[in-house]
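Visitor: Take a look at data.txt, compact mmCIF, C-alpha atoms:
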# COMPACT_ATOMS: atom_id res chain seq x y z
CA MET A 1 -36.07 1.90 -52.83
CA ARG A 2 -34.35 -1.47 -53.01
CA SER A 3 -32.10 -0.20 -55.80
CA ILE A 4 -31.09 2.79 -53.65
CA ILE A 5 -30.27 0.54 -50.68
CA ALA A 6 -28.37 -1.86 -52.90
CA GLY A 7 -26.44 1.02 -54.42
CA ALA A 8 -25.55 2.39 -50.99
CA ALA A 9 -24.36 -1.05 -49.91
CA LEU A 10 -22.15 -1.34 -52.98
CA LEU A 11 -20.73 2.14 -52.34
CA THR A 12 -19.99 1.26 -48.69
CA ALA A 13 -18.27 -1.95 -49.77
CA ALA A 14 -16.22 -0.05 -52.33
CA PHE A 15 -15.00 2.38 -49.68
CA ALA A 16 -14.25 -0.47 -47.29
CA ASN A 17 -12.06 -2.10 -49.95
CA ALA A 18 -10.43 1.12 -51.14
CA ASP A 19 -6.69 1.53 -50.79
CA ILE A 20 -5.45 3.54 -47.79
CA THR A 21 -2.60 5.90 -48.58
CA VAL A 22 -0.64 7.01 -45.52
CA GLU A 23 1.95 9.80 -45.52
CA HIS A 24 4.63 9.32 -42.88
CA TYR A 25 8.22 10.27 -42.01
CA LYS A 26 9.77 7.94 -44.60
CA GLY A 27 7.37 8.73 -47.42
CA THR A 28 4.05 7.27 -48.51
CA THR A 29 2.70 3.75 -47.98
CA THR A 30 -0.42 2.26 -49.53
CA LEU A 31 -2.42 -0.36 -47.66
CA ALA A 32 -4.89 -2.58 -49.48
CA GLN A 33 -7.23 -2.55 -46.47
CA VAL A 34 -7.38 -1.75 -42.77
CA PRO A 35 -4.67 -4.00 -41.31
CA GLU A 36 -5.65 -6.91 -39.09
CA LYS A 37 -2.15 -8.08 -38.10
CA ILE A 38 0.04 -5.24 -36.85
CA VAL A 39 3.64 -5.40 -35.65
CA THR A 40 5.00 -2.30 -33.93
CA PHE A 41 8.53 -1.38 -32.93
CA ASP A 42 7.32 1.94 -31.53
CA ILE A 43 6.08 2.13 -27.94
CA ALA A 44 4.34 5.46 -28.61
CA SER A 45 2.31 3.80 -31.37
CA LEU A 46 1.55 0.91 -29.03
CA ASP A 47 0.25 3.44 -26.51
CA THR A 48 -1.93 5.01 -29.21
CA LEU A 49 -3.20 1.68 -30.55
CA ASP A 50 -4.03 0.58 -27.01
CA PHE A 51 -5.94 3.84 -26.47
CA LEU A 52 -7.85 3.22 -29.70
CA GLY A 53 -8.60 -0.42 -28.83
CA VAL A 54 -6.63 -1.74 -31.81
CA GLN A 55 -4.79 -5.02 -31.28
CA VAL A 56 -1.22 -5.89 -32.31
CA VAL A 57 0.28 -9.32 -32.89
CA GLY A 58 3.94 -8.49 -32.27
CA LEU A 59 6.07 -5.96 -30.38
CA PRO A 60 9.38 -5.70 -28.46
CA GLN A 61 8.03 -7.23 -25.25
CA ASP A 62 11.16 -6.57 -23.18
CA PHE A 63 10.62 -2.83 -23.50
CA VAL A 64 6.95 -2.56 -22.57
CA PRO A 65 6.22 0.05 -19.85
CA SER A 66 4.19 -0.94 -16.81
CA HIS A 67 0.93 0.68 -17.97
CA LEU A 68 1.05 -1.51 -21.08
CA SER A 69 2.22 -4.66 -19.29
CA HIS A 70 -0.73 -6.69 -20.62
CA TYR A 71 1.21 -6.86 -23.89
CA GLU A 72 3.77 -9.07 -22.16
CA GLY A 73 1.30 -11.98 -22.38
CA ASP A 74 1.78 -15.14 -24.43
CA GLU A 75 -0.92 -14.07 -26.88
CA TYR A 76 1.58 -11.53 -28.27
CA THR A 77 4.88 -12.33 -30.00
CA SER A 78 8.17 -10.68 -29.11
CA VAL A 79 9.79 -9.44 -32.31
CA GLY A 80 13.20 -8.25 -31.07
CA SER A 81 14.26 -4.99 -29.45
CA LEU A 82 13.35 -1.38 -30.11
CA PHE A 83 16.48 -1.13 -32.26
CA GLU A 84 17.11 -4.66 -33.61
CA PRO A 85 14.22 -6.66 -35.12
CA ASN A 86 14.12 -10.44 -35.30
CA TYR A 87 13.34 -10.46 -39.00
CA GLU A 88 12.48 -14.16 -39.15
CA VAL A 89 9.91 -13.82 -36.37
CA VAL A 90 8.42 -10.71 -37.96
CA ALA A 91 8.10 -12.50 -41.31
CA SER A 92 6.52 -15.55 -39.68
CA LEU A 93 3.67 -13.37 -38.36
CA GLN A 94 2.77 -12.32 -41.91
CA PRO A 95 1.79 -8.82 -40.76
CA ASP A 96 -0.43 -6.47 -42.76
CA LEU A 97 1.40 -3.46 -41.26
CA ILE A 98 4.74 -2.81 -39.56
CA ILE A 99 5.26 0.39 -37.57
CA THR A 100 8.63 1.98 -36.91
CA ALA A 101 9.61 5.33 -35.38
CA ASN A 102 12.52 7.21 -33.79
CA ARG A 103 14.37 4.27 -32.29
CA SER A 104 13.71 1.87 -35.19
CA LEU A 105 14.04 4.36 -38.05
CA ARG A 106 17.36 2.83 -39.12
CA VAL A 107 15.76 -0.56 -39.89
CA HIS A 108 12.56 0.73 -41.49
CA ASP A 109 13.61 -0.02 -45.07
CA ASP A 110 14.55 -3.61 -44.22
CA LEU A 111 11.24 -4.20 -42.44
CA ALA A 112 9.36 -2.67 -45.37
CA LYS A 113 10.63 -5.56 -47.49
CA ILE A 114 8.57 -7.93 -45.32
CA ALA A 115 5.27 -6.04 -45.27
CA PRO A 116 3.86 -2.51 -45.76
CA ALA A 117 5.52 -0.25 -43.21
CA ILE A 118 5.00 3.27 -41.92
CA ASP A 119 7.46 5.31 -39.89
CA LEU A 120 5.92 7.59 -37.26
CA THR A 121 9.07 9.37 -36.12
CA VAL A 122 8.30 12.61 -34.29
CA TRP A 123 11.09 15.11 -34.67
CA VAL A 124 11.60 18.81 -33.99
CA ASP A 125 13.82 21.01 -36.13
CA GLU A 126 13.82 24.49 -37.65
CA GLU A 127 11.35 23.44 -40.35
CA ASN A 128 9.13 21.52 -37.92
CA PRO A 129 9.50 23.32 -34.59
CA SER A 130 6.28 22.12 -32.99
CA PHE A 131 6.42 18.85 -31.05
CA LEU A 132 2.65 18.86 -30.61
CA GLY A 133 2.19 19.56 -34.31
CA GLN A 134 4.38 16.60 -35.26
CA PHE A 135 2.71 14.42 -32.65
CA GLY A 136 -0.71 15.30 -34.07
CA LYS A 137 0.43 14.66 -37.64
CA MET A 138 1.81 11.20 -36.87
CA SER A 139 -1.16 10.31 -34.66
CA ARG A 140 -3.48 11.12 -37.55
CA ALA A 141 -1.35 9.02 -39.92
CA LEU A 142 -1.70 6.04 -37.59
CA GLY A 143 -5.41 6.67 -37.17
CA GLN A 144 -5.81 6.72 -40.92
CA ALA A 145 -3.89 3.45 -41.27
CA VAL A 146 -6.08 1.59 -38.78
CA GLY A 147 -9.42 3.18 -39.64
CA LYS A 148 -9.67 5.28 -36.47
CA GLU A 149 -9.31 8.82 -37.79
CA ALA A 150 -12.36 10.19 -35.97
CA ALA A 151 -11.24 8.77 -32.61
CA VAL A 152 -7.76 10.24 -33.07
CA ASP A 153 -9.16 13.67 -33.92
CA GLN A 154 -11.44 13.57 -30.89
CA GLN A 155 -8.55 12.77 -28.55
CA LEU A 156 -6.35 15.43 -30.12
CA GLU A 157 -9.09 17.96 -29.41
CA VAL A 158 -9.15 16.84 -25.76
CA ILE A 159 -5.37 17.25 -25.55
CA GLN A 160 -5.48 20.67 -27.24
CA SER A 161 -8.07 21.87 -24.74
CA LYS A 162 -5.80 20.78 -21.89
CA VAL A 163 -2.80 22.44 -23.55
CA GLU A 164 -4.67 25.74 -23.70
CA ALA A 165 -5.70 25.45 -20.05
CA THR A 166 -2.10 24.74 -19.07
CA ARG A 167 -0.84 27.72 -21.06
CA ALA A 168 -3.25 29.94 -19.17
CA LEU A 169 -1.84 28.73 -15.86
CA ALA A 170 1.74 29.14 -17.08
CA ASP A 171 1.29 32.87 -17.63
CA ASP A 172 1.51 33.56 -13.90
CA ALA A 173 3.35 30.47 -12.65
CA GLY A 174 6.94 31.68 -12.59
CA ASN A 175 9.90 30.00 -14.24
CA ALA A 176 11.16 26.44 -14.39
CA LEU A 177 14.14 24.22 -15.08
CA ILE A 178 13.84 20.74 -16.57
CA VAL A 179 16.45 18.22 -15.40
CA LEU A 180 17.14 14.57 -16.09
CA THR A 181 18.99 12.47 -13.53
CA ASN A 182 21.04 9.47 -14.59
CA GLY A 183 23.49 7.51 -12.47
CA GLY A 184 23.87 10.35 -9.97
CA LYS A 185 24.47 12.95 -12.68
CA VAL A 186 22.09 15.75 -13.60
CA ASN A 187 21.55 17.30 -17.04
CA ALA A 188 19.42 20.35 -17.80
CA TYR A 189 17.09 20.79 -20.78
CA GLY A 190 15.78 24.07 -22.10
CA PRO A 191 13.68 25.44 -24.97
CA GLY A 192 14.12 23.55 -28.24
CA SER A 193 15.39 20.42 -26.49
CA ARG A 194 13.92 16.95 -26.27
CA PHE A 195 11.67 17.93 -23.37
CA GLY A 196 11.61 21.61 -24.22
CA TRP A 197 8.00 21.63 -25.39
CA ILE A 198 7.16 22.28 -21.75
CA HIS A 199 8.55 25.75 -22.48
CA ASP A 200 7.92 26.04 -26.21
CA GLU A 201 4.32 24.87 -26.33
CA LEU A 202 2.98 24.84 -22.78
CA ASN A 203 4.46 28.32 -22.29
CA VAL A 204 6.21 27.57 -18.99
CA LYS A 205 8.87 30.27 -18.70
CA PRO A 206 12.44 28.88 -18.70
CA VAL A 207 14.72 30.03 -15.91
CA ILE A 208 17.55 29.90 -18.50
CA GLU A 209 16.86 30.73 -22.14
CA ASP A 210 19.94 28.90 -23.48
CA VAL A 211 20.67 25.95 -21.20
CA GLU A 212 23.32 24.45 -23.48
CA ALA A 213 25.34 27.66 -23.50
CA ALA A 214 24.91 28.18 -19.76
CA SER A 215 25.98 24.62 -18.94
CA HIS A 216 28.43 24.17 -21.85
CA GLY A 217 26.38 21.13 -22.83
CA ASP A 218 27.70 19.21 -19.84
CA PRO A 219 26.03 17.71 -16.76
CA ILE A 220 25.15 20.46 -14.31
CA SER A 221 25.99 20.79 -10.64
CA PHE A 222 23.68 21.35 -7.71
CA GLU A 223 25.35 24.76 -7.35
CA PHE A 224 24.23 25.52 -10.93
CA ILE A 225 20.62 24.77 -10.00
CA LEU A 226 20.78 26.93 -6.86
CA GLU A 227 22.49 29.76 -8.76
CA HIS A 228 19.61 29.97 -11.25
CA ASN A 229 17.09 29.14 -8.52
CA PRO A 230 13.96 28.15 -10.51
CA ASP A 231 10.43 28.46 -9.17
CA TYR A 232 9.76 24.94 -10.47
CA LEU A 233 12.08 22.01 -10.98
CA PHE A 234 10.69 19.38 -13.36
CA VAL A 235 12.58 16.14 -12.82
CA LEU A 236 12.91 13.11 -15.09
CA ASP A 237 14.54 9.96 -13.73
CA ARG A 238 16.24 8.05 -16.57
CA ASP A 239 17.21 5.20 -14.23
CA GLY A 240 13.60 4.80 -13.16
CA ALA A 241 12.36 5.01 -16.75
CA ILE A 242 14.61 2.12 -17.79
CA ASN A 243 14.11 0.11 -14.59
CA PRO A 244 11.49 1.28 -12.06
CA ASP A 245 13.30 -0.65 -9.32
CA ASN A 246 16.33 1.61 -9.79
CA ALA A 247 14.56 4.98 -9.49
CA ALA A 248 17.12 7.27 -7.90
CA ALA A 249 16.19 10.86 -8.73
CA LYS A 250 14.87 11.73 -5.28
CA ALA A 251 18.04 10.40 -3.63
CA THR A 252 20.21 12.29 -6.12
CA LEU A 253 18.47 15.58 -5.34
CA ASP A 254 18.31 15.05 -1.58
CA ASN A 255 20.91 17.60 -0.48
CA ASP A 256 21.16 21.01 1.17
CA LEU A 257 21.80 22.91 -2.06
CA ILE A 258 18.58 21.69 -3.67
CA LYS A 259 16.71 22.28 -0.40
CA ALA A 260 17.77 25.93 -0.56
CA THR A 261 16.02 26.50 -3.90
CA LYS A 262 12.67 28.23 -4.27
CA ALA A 263 11.35 25.12 -6.00
CA TYR A 264 12.04 22.94 -2.97
CA GLN A 265 10.92 25.46 -0.38
CA ASN A 266 7.61 26.04 -2.16
CA GLY A 267 6.96 22.35 -2.77
CA ASN A 268 7.50 22.71 -6.50
CA ILE A 269 9.96 19.93 -7.27
CA VAL A 270 7.88 17.86 -9.66
CA TYR A 271 8.89 14.27 -10.43
CA LEU A 272 7.38 13.58 -13.83
CA ASN A 273 6.32 10.18 -15.16
CA SER A 274 9.70 9.31 -16.63
CA THR A 275 8.37 6.32 -18.56
CA ASN A 276 5.99 8.54 -20.52
CA TRP A 277 8.50 11.32 -21.09
CA TYR A 278 11.60 9.22 -21.79
CA ILE A 279 10.34 5.88 -23.19
CA VAL A 280 6.90 6.47 -24.72
CA MET A 281 7.57 10.12 -25.67
CA ASN A 282 4.41 10.53 -27.75
CA GLY A 283 1.17 8.55 -27.71
CA LEU A 284 -2.46 9.55 -27.45
CA GLY A 285 -2.74 8.35 -23.87
CA ALA A 286 0.75 9.34 -22.76
CA VAL A 287 0.73 12.91 -24.08
CA GLU A 288 -2.58 13.64 -22.37
CA GLN A 289 -1.05 12.42 -19.09
CA MET A 290 2.08 14.50 -19.69
CA VAL A 291 0.08 17.68 -20.19
CA ASP A 292 -2.00 16.81 -17.12
CA GLU A 293 1.17 16.53 -15.05
CA ILE A 294 2.33 20.03 -15.95
CA HIS A 295 -1.18 21.44 -15.47
CA SER A 296 -1.48 19.87 -12.01
CA ALA A 297 1.94 21.19 -11.01
CA LEU A 298 1.03 24.75 -11.97
CA GLU A 299 -2.40 24.81 -10.30
Show me this structure written as structure tokens.
Guide:
Amino acid sequence: MRSIIAGAALLTAAFANADITVEHYKGTTTLAQVPEKIVTFDIASLDTLDFLGVQVVGLPQDFVPSHLSHYEGDEYTSVGSLFEPNYEVVASLQPDLIITANRSLRVHDDLAKIAPAIDLTVWVDEENPSFLGQFGKMSRALGQAVGKEAAVDQQLEVIQSKVEATRALADDAGNALIVLTNGGKVNAYGPGSRFGWIHDELNVKPVIEDVEAASHGDPISFEFILEHNPDYLFVLDRDGAINPDNAAAKATLDNDLIKATKAYQNGNIVYLNSTNWYIVMNGLGAVEQMVDEIHSALE
């Protein structure tokens, strides 16, 4: 019996010390062990790590959203911006893992010279048309890197269940237009766009199939919105995402043309959490909240 227990202990130790090979956007990275000192330049990964209860030692503190404000504390080190690392500070932390993604993709190779690095960029193109599929893939890669694969899979199952419930509501909910306000201007987004997974994967019917063609790729007018007259207007406030004190979407859309739309008259102008949609974009906590927002709007 003792020999069996001893053998099991040795086997467990061997697995604990086994290399971890992680496939990511930039290729494959091998980690000697589960990392203890993590630096992230990706707010979505920070959101996921926070959800998983995994600590980081460094991050771009000036870009932390309010729901992650505890990472602004002195116990964490600011390592530059989302786009421009402070390489000396990163090196001084002697990290076991560096995480990059969409905004820091350009500097990934330079950071990888300091420590093992993975890039968790989520992209959508003709070969990879599913945002949720890419989000799941990169979430699993991060879970694998930090030894939290089971917890990631469990949360992805929760999100998938909510996605399916939202799709069921969308079948009879009418159509929608997604707009982003910025400095008094309004841009529309349709299927296949940055926020288009509302249509593509949550099955909310677009009021315009080809927004870029309809708007010539330019900011749209309030007359444009009234002309197409959506049942729902999903609104993202870029000003508020960058600086919550400057949220201006409601003021921008406070006019008689918008008030004449079906969306306004039926109480279906929905101001989404712009920080999640514009800054975080994908994270285990954030994506669940994003799906919840659409579900609640359609109920």
Visitor: Which residue is closest to A:Asn243? Choose from A:Ile99, A:Ala286, A:Val152, A:Val64 and count only C-alpha atoms.
Guide: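 Answer, going by the shortest atom-to-atom distance: A:Val64.
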Visitor: Quick check, in Å to one decimal: how far apart do atom CA of A:Ala168 and atom CA of A:Asn128 lie?
Guide: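 So the two atoms, atom CA of A:Ala168 and atom CA of A:Asn128, lie 24.0 Å apart.
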Visitor: When you count all atoms listed in the file, which of these residues is closest to A:Lys205: A:Ile159, A:Leu298, A:Val270, A:Ile38?
Guide: A:Leu298
Visitor: In Å, rounded to a single decimal, give me how far atom CA of A:Thr261 is from atom CA of A:Asp171.
Guide: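 Here the two named atoms are 21.1 Å from each other.
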Visitor: Nearest to A:Val79 among A:Phe51, A:Ser193, A:Pro95, A:Pro65, with distances taken over only C-alpha atoms: which residue is it?
Guide: A:Pro95
Visitor: Which residues come within 9 Å of A:Gly80, counting all atoms listed in the file, excluding same-chain residues fewer than 2 positions away, as a CSV table (one decimal) with C-alpha atoms, keeping the file's coordinate frame?
Guide:
chain,number,residue,atom,x,y,z
A,41,PHE,CA,8.5,-1.4,-32.9
A,59,LEU,CA,6.1,-6.0,-30.4
A,60,PRO,CA,9.4,-5.7,-28.5
A,61,GLN,CA,8.0,-7.2,-25.2
A,62,ASP,CA,11.2,-6.6,-23.2
A,78,SER,CA,8.2,-10.7,-29.1
A,82,LEU,CA,13.4,-1.4,-30.1
A,83,PHE,CA,16.5,-1.1,-32.3
A,84,GLU,CA,17.1,-4.7,-33.6
A,85,PRO,CA,14.2,-6.7,-35.1
A,86,ASN,CA,14.1,-10.4,-35.3
A,87,TYR,CA,13.3,-10.5,-39.0
A,89,VAL,CA,9.9,-13.8,-36.4
A,90,VAL,CA,8.4,-10.7,-38.0
Visitor: With all atoms listed in the file as the atoms that count, which of A:Pro116, A:Pro219, A:Gly133, A:Gly283 lies nearest to A:Asp47?
Guide: A:Gly283
Visitor: Nearest to A:Ala32 among A:Val280, A:Val146, A:Leu68, A:Leu105, with distances taken over all atoms listed in the file: which residue is it?
Guide: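 Ranking A:Val280, A:Val146, A:Leu68, A:Leu105 by distance to A:Ala32, first place goes to A:Val146.
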Visitor: List the residues sitting within 9 Å of (2.3, -10.2, -26.0) in the file's frame, using all atoms listed in the file, as a ChimeraX atom specification.
Guide: /A:56-61,69-78
Visitor: Measuring atom to atom with only C-alpha atoms, identify which of A:Ile225, A:Leu93, A:Leu272, A:Leu257 is nearest to A:Val291.
Guide: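 Under the stated criterion, the closest residue is A:Leu272.
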Visitor: Around the point (14.4, 20.7, -2.2), in the coordinates given by the file, pick out the residues reaching within 12 Å, counting only C-alpha atoms, and return them as a tab-separated table (two decimals) with C-alpha atoms, in the coordinates of the input.
Guide:
chain	number	residue	atom	x	y	z
A	222	PHE	CA	23.68	21.35	-7.71
A	225	ILE	CA	20.62	24.77	-10.00
A	226	LEU	CA	20.78	26.93	-6.86
A	229	ASN	CA	17.09	29.14	-8.52
A	230	PRO	CA	13.96	28.15	-10.51
A	231	ASP	CA	10.43	28.46	-9.17
A	232	TYR	CA	9.76	24.94	-10.47
A	233	LEU	CA	12.08	22.01	-10.98
A	234	PHE	CA	10.69	19.38	-13.36
A	235	VAL	CA	12.58	16.14	-12.82
A	249	ALA	CA	16.19	10.86	-8.73
A	250	LYS	CA	14.87	11.73	-5.28
A	251	ALA	CA	18.04	10.40	-3.63
A	252	THR	CA	20.21	12.29	-6.12
A	253	LEU	CA	18.47	15.58	-5.34
A	254	ASP	CA	18.31	15.05	-1.58
A	255	ASN	CA	20.91	17.60	-0.48
A	256	ASP	CA	21.16	21.01	1.17
A	257	LEU	CA	21.80	22.91	-2.06
A	258	ILE	CA	18.58	21.69	-3.67
A	259	LYS	CA	16.71	22.28	-0.40
A	260	ALA	CA	17.77	25.93	-0.56
A	261	THR	CA	16.02	26.50	-3.90
A	262	LYS	CA	12.67	28.23	-4.27
A	263	ALA	CA	11.35	25.12	-6.00
A	264	TYR	CA	12.04	22.94	-2.97
A	265	GLN	CA	10.92	25.46	-0.38
A	266	ASN	CA	7.61	26.04	-2.16
A	267	GLY	CA	6.96	22.35	-2.77
A	268	ASN	CA	7.50	22.71	-6.50
A	269	ILE	CA	9.96	19.93	-7.27
A	270	VAL	CA	7.88	17.86	-9.66
A	271	TYR	CA	8.89	14.27	-10.43
Visitor: How far is it from atom CA of A:Val163 to atom CA of A:Leu202, in Å with one decimal?
Guide: 6.3 Å
Visitor: May I have the centre and edge lengths, in Å to one decimal, of an axis-aligned box around the listed atoms of stretch 105-108 of chain A with 4 Å added to every side, as JSON?
Guide:
{"center_x": 15.0, "center_y": 1.9, "center_z": -39.8, "size_x": 12.8, "size_y": 12.9, "size_z": 11.4}
Visitor: Please complete stretch 177-192 of chain A so it has N, CA and C atoms, and hand it over as an mmCIF file, in the coordinates of the input.
Guide:
data_model
loop_
_atom_site.group_PDB
_atom_site.id
_atom_site.type_symbol
_atom_site.label_atom_id
_atom_site.label_comp_id
_atom_site.auth_asym_id
_atom_site.auth_seq_id
_atom_site.Cartn_x
_atom_site.Cartn_y
_atom_site.Cartn_z
ATOM 1 N N LEU A 177 12.984 24.907 -14.494
ATOM 2 C CA LEU A 177 14.140 24.220 -15.080
ATOM 3 C C LEU A 177 13.786 22.744 -15.182
ATOM 4 N N ILE A 178 14.069 22.163 -16.346
ATOM 5 C CA ILE A 178 13.840 20.740 -16.570
ATOM 6 C C ILE A 178 15.178 20.019 -16.413
ATOM 7 N N VAL A 179 15.216 18.983 -15.574
ATOM 8 C CA VAL A 179 16.450 18.220 -15.400
ATOM 9 C C VAL A 179 16.173 16.728 -15.550
ATOM 10 N N LEU A 180 17.185 16.023 -16.016
ATOM 11 C CA LEU A 180 17.140 14.570 -16.090
ATOM 12 C C LEU A 180 18.282 14.013 -15.265
ATOM 13 N N THR A 181 17.956 13.104 -14.345
ATOM 14 C CA THR A 181 18.990 12.470 -13.530
ATOM 15 C C THR A 181 19.319 11.101 -14.109
ATOM 16 N N ASN A 182 20.594 10.740 -14.032
ATOM 17 C CA ASN A 182 21.040 9.470 -14.590
ATOM 18 C C ASN A 182 22.345 9.063 -13.917
ATOM 19 N N GLY A 183 22.288 8.005 -13.127
ATOM 20 C CA GLY A 183 23.490 7.510 -12.470
ATOM 21 C C GLY A 183 24.140 8.531 -11.560
ATOM 22 N N GLY A 184 23.337 9.343 -10.888
ATOM 23 C CA GLY A 184 23.870 10.350 -9.970
ATOM 24 C C GLY A 184 24.225 11.663 -10.629
ATOM 25 N N LYS A 185 24.178 11.713 -11.963
ATOM 26 C CA LYS A 185 24.470 12.950 -12.680
ATOM 27 C C LYS A 185 23.167 13.654 -13.051
ATOM 28 N N VAL A 186 23.269 14.961 -13.269
ATOM 29 C CA VAL A 186 22.090 15.750 -13.600
ATOM 30 C C VAL A 186 22.363 16.566 -14.854
ATOM 31 N N ASN A 187 21.472 16.489 -15.832
ATOM 32 C CA ASN A 187 21.550 17.300 -17.040
ATOM 33 C C ASN A 187 20.328 18.202 -17.125
ATOM 34 N N ALA A 188 20.524 19.396 -17.644
ATOM 35 C CA ALA A 188 19.420 20.350 -17.800
ATOM 36 C C ALA A 188 18.968 20.409 -19.255
ATOM 37 N N TYR A 189 17.680 20.665 -19.442
ATOM 38 C CA TYR A 189 17.090 20.790 -20.780
ATOM 39 C C TYR A 189 16.295 22.079 -20.847
ATOM 40 N N GLY A 190 16.465 22.799 -21.948
ATOM 41 C CA GLY A 190 15.780 24.070 -22.100
ATOM 42 C C GLY A 190 14.923 24.120 -23.339
ATOM 43 N N PRO A 191 14.487 25.297 -23.755
ATOM 44 C CA PRO A 191 13.680 25.440 -24.970
ATOM 45 C C PRO A 191 14.373 24.815 -26.177
ATOM 46 N N GLY A 192 13.575 24.169 -27.031
ATOM 47 C CA GLY A 192 14.120 23.550 -28.240
ATOM 48 C C GLY A 192 14.740 22.190 -28.027
#
